[in-house]
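Undergrad: This is the structure I have questions about; it appears just below.
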Amino acid sequence: MSLAKPAMRGLLGKRLRFHLPIAFALSLVAAAAFKYGVTEPRKQAYADFYKQYDTTKEFNNMRDAGVFESVRPTGE
Amino acid sequence: MDNRARGYNITLQLHKDLHILTILTAFLMLATRALSLVGKRAISTSICVRGGHGVAKVDDYALPAYFDRRENPLPDVQFVTELSAVQKSLKEKEKGSWATLSNEEKIALYRISFKQSFAEMNEGTKEWKSVIAGMFFFIGMTGLVVLWQRKFVYGPVPPTFESEWKEKEVQRMLDMRINPVEGFSAKWDYENKEWKK
């Protein structure tokens with residue numbers, strides 16, 4: 001009926017040695033996932049959009065729709 | 001001669017007092033030790049002679065109490081105060097070698113000193129079910145109150161919520177090219193004048 005003496009010391013150290021590497025690894029994974037899942041696609045989307053962007057054409061379209069106050073649509 | 005005799009008498013008296021004091025304290029210590037073996041509750045009622053007025057009544061709540069707490073593992077008193085004959089004989093046996101005690105006797109001795117084991121005192125209750133039930137009930141009640149409020153307290157909603165207004169609003173947003181890269185206008189097909197599939 002005699003049990004083994006439980007660990008009395010080093011409990012916090014043991015916990016930290018176990019959990020800290022895991023915490024660091026998971027944080028790095030989260031950062032990498034966000035970078036390559038969100039920010040890189042977003043940068044690429046903006047780059048692609050402005051590669052094919054014709055400023056004059058878009059301006060004229062917006063002007064004809066009547067959203068500007070400085071210029072009226074063509075033909076008024 | 002008188003002074004010296006007087007001084008001698010005083011020191012003799014002090015010496016005797018000191019002897020008496022030490023003997024008295026030793027006796028008191030022995031007495032309390034003996035009494036604590038008999039039963040802790042006996043001390044307060046038997047020694048409490050206050051200034052010649054008799055024994056002061058001591059209420060239960062003023063005496064050391066037993067309670068099962070994880071942070072106080074060894075309470076001030078043992079759980080069973082009046083031992084039966086079997087328990088008394090067991091306590092006598094405990095004074096000898098513990099190797100002679102069987103496992104049942106060890107458990108019986110534990111149950112004399114303690115009411116619940118740590119496993120028993122730490123086990124959870126079913127209280128969380130009542131808590132969740134109460135939460136849902138009060139959220140439901142709040143929902144009913146909000147519905148009543150919407151019908152009987154608040155006035156009508158502004159005209160900007162009507163469908164015609166909303167259609168004009170969406171058209172103006174598309175004309176202004178709101179969020180054309182990844183957001184609102186990016187989902188509209190300007191060539192075919194419809195939402196992108």
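Numbering starts fresh at 1 for the residues of each chain in the structure tokens, the chains themselves are lettered A, B, ... in the order given, and ligands are numbered from 1 as they appear.
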Write out as JSON, numbers by chain every residue belonging to chain A that has an atom at most 12 Å from any atom of chain B, counting only C-alpha atoms.
TA: {"A": [1, 2, 38, 41, 42, 43, 44, 45, 46, 47, 48, 49, 50, 51, 52, 53, 58, 59, 60, 61, 62, 63, 64, 65, 66, 67, 68]}
Undergrad: Using only C-alpha atoms, determine which residues lie at most 12 Å from Val170 of chain B, disregarding the query and same-chain residues fewer than 6 positions distant; provide the list as a JSON list (two decimals) with all heavy atoms, in the first residue's frame.
TA:
```json
[["chain", "number", "residue", "atom", "x", "y", "z"],
["B", 160, "THR", "N", -34.27, 55.12, -45.94],
["B", 160, "THR", "CA", -33.10, 54.58, -46.62],
["B", 160, "THR", "C", -33.07, 53.05, -46.61],
["B", 160, "THR", "O", -32.21, 52.45, -47.23],
["B", 160, "THR", "CB", -31.82, 55.08, -45.94],
["B", 160, "THR", "OG1", -31.88, 54.72, -44.57],
["B", 160, "THR", "CG2", -31.69, 56.58, -46.08],
["B", 163, "SER", "N", -36.47, 49.14, -50.60],
["B", 163, "SER", "CA", -35.75, 48.43, -51.68],
["B", 163, "SER", "C", -35.33, 49.39, -52.77],
["B", 163, "SER", "O", -34.22, 49.28, -53.30],
["B", 163, "SER", "CB", -36.61, 47.32, -52.27],
["B", 163, "SER", "OG", -37.62, 46.96, -51.40],
["B", 164, "GLU", "N", -36.22, 50.35, -53.16],
["B", 164, "GLU", "CA", -35.85, 51.24, -54.26],
["B", 164, "GLU", "C", -34.63, 52.06, -53.89],
["B", 164, "GLU", "O", -33.71, 52.24, -54.69],
["B", 164, "GLU", "CB", -37.01, 52.21, -54.59],
["B", 164, "GLU", "CG", -38.26, 51.53, -55.12],
["B", 164, "GLU", "CD", -39.18, 51.06, -54.01],
["B", 164, "GLU", "OE1", -39.10, 51.65, -52.89],
["B", 164, "GLU", "OE2", -39.92, 50.10, -54.21],
["B", 176, "MET", "N", -19.12, 54.43, -58.42],
["B", 176, "MET", "CA", -17.94, 55.03, -57.77],
["B", 176, "MET", "C", -16.78, 54.07, -57.70],
["B", 176, "MET", "O", -15.70, 54.46, -57.26],
["B", 176, "MET", "CB", -18.31, 55.48, -56.36],
["B", 176, "MET", "CG", -19.18, 56.71, -56.32],
["B", 176, "MET", "SD", -19.21, 57.44, -54.69],
["B", 176, "MET", "CE", -20.26, 56.33, -53.82],
["B", 177, "ARG", "N", -16.99, 52.79, -58.10],
["B", 177, "ARG", "CA", -15.94, 51.76, -58.04],
["B", 177, "ARG", "C", -15.46, 51.56, -56.60],
["B", 177, "ARG", "O", -14.28, 51.65, -56.30],
["B", 177, "ARG", "CB", -14.74, 52.08, -58.95],
["B", 177, "ARG", "CG", -15.04, 52.46, -60.38],
["B", 177, "ARG", "CD", -15.65, 51.28, -61.12],
["B", 177, "ARG", "NE", -15.67, 51.49, -62.56],
["B", 177, "ARG", "CZ", -16.65, 52.09, -63.24],
["B", 177, "ARG", "NH1", -17.70, 52.60, -62.61],
["B", 177, "ARG", "NH2", -16.57, 52.21, -64.55],
["B", 178, "ILE", "N", -16.41, 51.33, -55.71],
["B", 178, "ILE", "CA", -16.06, 51.04, -54.31],
["B", 178, "ILE", "C", -15.34, 49.70, -54.26],
["B", 178, "ILE", "O", -15.85, 48.70, -54.75],
["B", 178, "ILE", "CB", -17.34, 50.98, -53.44],
["B", 178, "ILE", "CG1", -18.05, 52.32, -53.40],
["B", 178, "ILE", "CG2", -17.02, 50.49, -52.05],
["B", 178, "ILE", "CD1", -17.34, 53.39, -52.62],
["B", 184, "PHE", "N", -16.23, 45.08, -53.05],
["B", 184, "PHE", "CA", -17.58, 45.19, -53.56],
["B", 184, "PHE", "C", -17.63, 45.20, -55.10],
["B", 184, "PHE", "O", -18.24, 44.33, -55.72],
["B", 184, "PHE", "CB", -18.21, 46.46, -52.98],
["B", 184, "PHE", "CG", -19.67, 46.58, -53.21],
["B", 184, "PHE", "CD1", -20.55, 45.78, -52.50],
["B", 184, "PHE", "CD2", -20.17, 47.50, -54.11],
["B", 184, "PHE", "CE1", -21.91, 45.89, -52.70],
["B", 184, "PHE", "CE2", -21.54, 47.61, -54.32],
["B", 184, "PHE", "CZ", -22.41, 46.80, -53.61],
["B", 185, "SER", "N", -16.98, 46.21, -55.69],
["B", 185, "SER", "CA", -17.07, 46.34, -57.15],
["B", 185, "SER", "C", -16.30, 45.26, -57.88],
["B", 185, "SER", "O", -16.52, 45.05, -59.08],
["B", 185, "SER", "CB", -16.54, 47.72, -57.58],
["B", 185, "SER", "OG", -17.24, 48.72, -56.89],
["B", 188, "TRP", "N", -18.62, 42.69, -59.41],
["B", 188, "TRP", "CA", -19.58, 43.10, -60.44],
["B", 188, "TRP", "C", -18.91, 43.02, -61.80],
["B", 188, "TRP", "O", -17.79, 43.48, -61.98],
["B", 188, "TRP", "CB", -20.05, 44.52, -60.14],
["B", 188, "TRP", "CG", -21.00, 45.12, -61.12],
["B", 188, "TRP", "CD1", -20.67, 46.05, -62.07],
["B", 188, "TRP", "CD2", -22.38, 44.87, -61.25],
["B", 188, "TRP", "NE1", -21.78, 46.39, -62.80],
["B", 188, "TRP", "CE2", -22.86, 45.67, -62.31],
["B", 188, "TRP", "CE3", -23.28, 44.03, -60.59],
["B", 188, "TRP", "CZ2", -24.19, 45.67, -62.72],
["B", 188, "TRP", "CZ3", -24.61, 44.04, -61.00],
["B", 188, "TRP", "CH2", -25.06, 44.85, -62.06],
["B", 195, "TRP", "N", -23.82, 40.58, -61.67],
["B", 195, "TRP", "CA", -22.85, 40.10, -60.69],
["B", 195, "TRP", "C", -22.07, 38.96, -61.28],
["B", 195, "TRP", "O", -22.58, 38.15, -62.03],
["B", 195, "TRP", "CB", -23.56, 39.62, -59.42],
["B", 195, "TRP", "CG", -24.20, 40.73, -58.62],
["B", 195, "TRP", "CD1", -25.52, 41.00, -58.52],
["B", 195, "TRP", "CD2", -23.52, 41.74, -57.89],
["B", 195, "TRP", "NE1", -25.74, 42.09, -57.74],
["B", 195, "TRP", "CE2", -24.52, 42.57, -57.34],
["B", 195, "TRP", "CE3", -22.18, 42.02, -57.62],
["B", 195, "TRP", "CZ2", -24.21, 43.67, -56.53],
["B", 195, "TRP", "CZ3", -21.88, 43.12, -56.82],
["B", 195, "TRP", "CH2", -22.89, 43.93, -56.29]]
```
Undergrad: Just the alpha helix (DSSP H) stuff from segment 5-63 of chain A, please, per backbone DSSP, written as a PDB file with N, CA and C atoms, in the first residue's frame.
TA:
```
ATOM      1  N   LEU A  11       8.514  21.677 -10.921  1.00  0.00           N
ATOM      2  CA  LEU A  11       7.266  21.480 -11.654  1.00  0.00           C
ATOM      3  C   LEU A  11       7.096  22.557 -12.714  1.00  0.00           C
ATOM      4  N   LEU A  12       7.401  23.813 -12.350  1.00  0.00           N
ATOM      5  CA  LEU A  12       7.250  24.897 -13.314  1.00  0.00           C
ATOM      6  C   LEU A  12       8.246  24.740 -14.446  1.00  0.00           C
ATOM      7  N   GLY A  13       9.505  24.372 -14.083  1.00  0.00           N
ATOM      8  CA  GLY A  13      10.510  24.204 -15.119  1.00  0.00           C
ATOM      9  C   GLY A  13      10.113  23.130 -16.105  1.00  0.00           C
ATOM     10  N   LYS A  14       9.600  22.027 -15.563  1.00  0.00           N
ATOM     11  CA  LYS A  14       9.187  20.925 -16.443  1.00  0.00           C
ATOM     12  C   LYS A  14       8.096  21.401 -17.381  1.00  0.00           C
ATOM     13  N   ARG A  15       7.110  22.142 -16.837  1.00  0.00           N
ATOM     14  CA  ARG A  15       6.005  22.619 -17.666  1.00  0.00           C
ATOM     15  C   ARG A  15       6.496  23.555 -18.752  1.00  0.00           C
ATOM     16  N   LEU A  16       7.405  24.461 -18.377  1.00  0.00           N
ATOM     17  CA  LEU A  16       7.917  25.421 -19.368  1.00  0.00           C
ATOM     18  C   LEU A  16       8.713  24.717 -20.454  1.00  0.00           C
ATOM     19  N   ARG A  17       9.564  23.743 -20.041  1.00  0.00           N
ATOM     20  CA  ARG A  17      10.373  23.040 -21.039  1.00  0.00           C
ATOM     21  C   ARG A  17       9.491  22.305 -22.021  1.00  0.00           C
ATOM     22  N   PHE A  18       8.302  21.885 -21.560  1.00  0.00           N
ATOM     23  CA  PHE A  18       7.392  21.191 -22.467  1.00  0.00           C
ATOM     24  C   PHE A  18       6.616  22.173 -23.337  1.00  0.00           C
ATOM     25  N   HIS A  19       6.068  23.210 -22.745  1.00  0.00           N
ATOM     26  CA  HIS A  19       5.103  24.052 -23.456  1.00  0.00           C
ATOM     27  C   HIS A  19       5.733  25.177 -24.249  1.00  0.00           C
ATOM     28  N   LEU A  20       6.856  25.737 -23.806  1.00  0.00           N
ATOM     29  CA  LEU A  20       7.411  26.885 -24.522  1.00  0.00           C
ATOM     30  C   LEU A  20       7.819  26.567 -25.962  1.00  0.00           C
ATOM     31  N   PRO A  21       8.557  25.458 -26.221  1.00  0.00           N
ATOM     32  CA  PRO A  21       8.875  25.180 -27.633  1.00  0.00           C
ATOM     33  C   PRO A  21       7.616  25.023 -28.477  1.00  0.00           C
ATOM     34  N   ILE A  22       6.600  24.349 -27.924  1.00  0.00           N
ATOM     35  CA  ILE A  22       5.356  24.184 -28.668  1.00  0.00           C
ATOM     36  C   ILE A  22       4.729  25.544 -28.953  1.00  0.00           C
ATOM     37  N   ALA A  23       4.720  26.423 -27.948  1.00  0.00           N
ATOM     38  CA  ALA A  23       4.115  27.744 -28.118  1.00  0.00           C
ATOM     39  C   ALA A  23       4.831  28.521 -29.211  1.00  0.00           C
ATOM     40  N   PHE A  24       6.189  28.503 -29.168  1.00  0.00           N
ATOM     41  CA  PHE A  24       6.956  29.221 -30.191  1.00  0.00           C
ATOM     42  C   PHE A  24       6.682  28.661 -31.578  1.00  0.00           C
ATOM     43  N   ALA A  25       6.664  27.319 -31.668  1.00  0.00           N
ATOM     44  CA  ALA A  25       6.448  26.695 -32.983  1.00  0.00           C
ATOM     45  C   ALA A  25       5.083  27.072 -33.530  1.00  0.00           C
ATOM     46  N   LEU A  26       4.040  26.982 -32.672  1.00  0.00           N
ATOM     47  CA  LEU A  26       2.691  27.296 -33.134  1.00  0.00           C
ATOM     48  C   LEU A  26       2.568  28.750 -33.542  1.00  0.00           C
ATOM     49  N   SER A  27       3.246  29.660 -32.789  1.00  0.00           N
ATOM     50  CA  SER A  27       3.178  31.074 -33.156  1.00  0.00           C
ATOM     51  C   SER A  27       3.802  31.298 -34.520  1.00  0.00           C
ATOM     52  N   LEU A  28       4.969  30.659 -34.746  1.00  0.00           N
ATOM     53  CA  LEU A  28       5.627  30.819 -36.050  1.00  0.00           C
ATOM     54  C   LEU A  28       4.739  30.288 -37.166  1.00  0.00           C
ATOM     55  N   VAL A  29       4.104  29.132 -36.899  1.00  0.00           N
ATOM     56  CA  VAL A  29       3.203  28.560 -37.912  1.00  0.00           C
ATOM     57  C   VAL A  29       2.057  29.513 -38.204  1.00  0.00           C
ATOM     58  N   ALA A  30       1.485  30.111 -37.152  1.00  0.00           N
ATOM     59  CA  ALA A  30       0.371  31.039 -37.349  1.00  0.00           C
ATOM     60  C   ALA A  30       0.811  32.236 -38.175  1.00  0.00           C
ATOM     61  N   ALA A  31       1.987  32.787 -37.850  1.00  0.00           N
ATOM     62  CA  ALA A  31       2.481  33.940 -38.602  1.00  0.00           C
ATOM     63  C   ALA A  31       2.716  33.583 -40.062  1.00  0.00           C
ATOM     64  N   ALA A  32       3.351  32.423 -40.282  1.00  0.00           N
ATOM     65  CA  ALA A  32       3.622  32.005 -41.664  1.00  0.00           C
ATOM     66  C   ALA A  32       2.329  31.767 -42.422  1.00  0.00           C
ATOM     67  N   ALA A  33       1.370  31.143 -41.768  1.00  0.00           N
ATOM     68  CA  ALA A  33       0.087  30.867 -42.427  1.00  0.00           C
ATOM     69  C   ALA A  33      -0.590  32.163 -42.836  1.00  0.00           C
ATOM     70  N   PHE A  34      -0.571  33.176 -41.937  1.00  0.00           N
ATOM     71  CA  PHE A  34      -1.204  34.440 -42.275  1.00  0.00           C
ATOM     72  C   PHE A  34      -0.474  35.125 -43.421  1.00  0.00           C
ATOM     73  N   GLU A  40       0.321  37.720 -48.896  1.00  0.00           N
ATOM     74  CA  GLU A  40       0.902  37.525 -50.237  1.00  0.00           C
ATOM     75  C   GLU A  40      -0.162  37.487 -51.328  1.00  0.00           C
ATOM     76  N   PRO A  41      -1.267  36.723 -51.170  1.00  0.00           N
ATOM     77  CA  PRO A  41      -2.324  36.778 -52.189  1.00  0.00           C
ATOM     78  C   PRO A  41      -2.880  38.186 -52.383  1.00  0.00           C
ATOM     79  N   ARG A  42      -2.998  38.916 -51.260  1.00  0.00           N
ATOM     80  CA  ARG A  42      -3.556  40.267 -51.380  1.00  0.00           C
ATOM     81  C   ARG A  42      -2.627  41.159 -52.184  1.00  0.00           C
ATOM     82  N   LYS A  43      -1.328  41.067 -51.913  1.00  0.00           N
ATOM     83  CA  LYS A  43      -0.369  41.891 -52.678  1.00  0.00           C
ATOM     84  C   LYS A  43      -0.425  41.521 -54.144  1.00  0.00           C
ATOM     85  N   GLN A  44      -0.519  40.219 -54.419  1.00  0.00           N
ATOM     86  CA  GLN A  44      -0.577  39.773 -55.811  1.00  0.00           C
ATOM     87  C   GLN A  44      -1.841  40.282 -56.494  1.00  0.00           C
ATOM     88  N   ALA A  45      -2.978  40.245 -55.774  1.00  0.00           N
ATOM     89  CA  ALA A  45      -4.241  40.712 -56.354  1.00  0.00           C
ATOM     90  C   ALA A  45      -4.155  42.181 -56.735  1.00  0.00           C
ATOM     91  N   TYR A  46      -3.564  42.994 -55.842  1.00  0.00           N
ATOM     92  CA  TYR A  46      -3.432  44.418 -56.157  1.00  0.00           C
ATOM     93  C   TYR A  46      -2.514  44.632 -57.345  1.00  0.00           C
ATOM     94  N   ALA A  47      -1.400  43.857 -57.379  1.00  0.00           N
ATOM     95  CA  ALA A  47      -0.452  43.997 -58.503  1.00  0.00           C
ATOM     96  C   ALA A  47      -1.137  43.656 -59.823  1.00  0.00           C
ATOM     97  N   ASP A  48      -1.879  42.529 -59.814  1.00  0.00           N
ATOM     98  CA  ASP A  48      -2.565  42.119 -61.049  1.00  0.00           C
ATOM     99  C   ASP A  48      -3.596  43.152 -61.483  1.00  0.00           C
ATOM    100  N   PHE A  49      -4.341  43.703 -60.516  1.00  0.00           N
ATOM    101  CA  PHE A  49      -5.395  44.669 -60.851  1.00  0.00           C
ATOM    102  C   PHE A  49      -4.808  45.892 -61.536  1.00  0.00           C
ATOM    103  N   TYR A  50      -3.723  46.409 -60.957  1.00  0.00           N
ATOM    104  CA  TYR A  50      -3.193  47.647 -61.513  1.00  0.00           C
ATOM    105  C   TYR A  50      -2.335  47.432 -62.743  1.00  0.00           C
ATOM    106  N   LYS A  51      -1.989  46.179 -63.043  1.00  0.00           N
ATOM    107  CA  LYS A  51      -1.254  45.911 -64.293  1.00  0.00           C
ATOM    108  C   LYS A  51      -2.148  46.182 -65.496  1.00  0.00           C
ATOM    109  N   THR A  55      -6.432  54.067 -66.626  1.00  0.00           N
ATOM    110  CA  THR A  55      -6.965  55.149 -65.800  1.00  0.00           C
ATOM    111  C   THR A  55      -7.968  56.001 -66.558  1.00  0.00           C
ATOM    112  N   THR A  56      -7.634  56.349 -67.805  1.00  0.00           N
ATOM    113  CA  THR A  56      -8.517  57.239 -68.574  1.00  0.00           C
ATOM    114  C   THR A  56      -9.870  56.590 -68.816  1.00  0.00           C
ATOM    115  N   LYS A  57      -9.827  55.308 -69.178  1.00  0.00           N
ATOM    116  CA  LYS A  57     -11.088  54.608 -69.481  1.00  0.00           C
ATOM    117  C   LYS A  57     -11.968  54.571 -68.239  1.00  0.00           C
ATOM    118  N   GLU A  58     -11.358  54.235 -67.073  1.00  0.00           N
ATOM    119  CA  GLU A  58     -12.133  54.151 -65.851  1.00  0.00           C
ATOM    120  C   GLU A  58     -12.686  55.523 -65.472  1.00  0.00           C
ATOM    121  N   PHE A  59     -11.846  56.562 -65.651  1.00  0.00           N
ATOM    122  CA  PHE A  59     -12.309  57.911 -65.335  1.00  0.00           C
ATOM    123  C   PHE A  59     -13.532  58.285 -66.172  1.00  0.00           C
ATOM    124  N   ASN A  60     -13.443  58.006 -67.466  1.00  0.00           N
ATOM    125  CA  ASN A  60     -14.576  58.360 -68.337  1.00  0.00           C
ATOM    126  C   ASN A  60     -15.835  57.593 -67.978  1.00  0.00           C
ATOM    127  N   ASN A  61     -15.664  56.328 -67.619  1.00  0.00           N
ATOM    128  CA  ASN A  61     -16.826  55.537 -67.206  1.00  0.00           C
ATOM    129  C   ASN A  61     -17.474  56.142 -65.966  1.00  0.00           C
ATOM    130  N   MET A  62     -16.632  56.507 -64.990  1.00  0.00           N
ATOM    131  CA  MET A  62     -17.169  57.074 -63.750  1.00  0.00           C
ATOM    132  C   MET A  62     -17.820  58.420 -64.025  1.00  0.00           C
ATOM    133  N   ARG A  63     -17.202  59.180 -64.921  1.00  0.00           N
ATOM    134  CA  ARG A  63     -17.754  60.507 -65.243  1.00  0.00           C
ATOM    135  C   ARG A  63     -19.122  60.393 -65.870  1.00  0.00           C
TER     136      ARG A  63
END
```
Undergrad: Kindly give the distance, in Å, that separates atom CA of Lys91 of chain B and atom CA of Asp60 of chain B, rounded to a single decimal.
TA: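 Atom CA of Asp60 of chain B lies at a distance of 25.2 Å from atom CA of Lys91 of chain B.
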Undergrad: Hey, can you check how far atom CA of Asp68 of chain B sits from atom CA of Met121 of chain B?
TA: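 According to the coordinates, atom CA of Asp68 of chain B and atom CA of Met121 of chain B are separated by 6.8 Å.
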Undergrad: Nearest to Lys106 of chain B among B:Ala119, B:Leu90, B:Ile132, B:Leu63, with distances taken over only C-alpha atoms: which residue is it?
TA: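 Closest candidate: B:Leu90.
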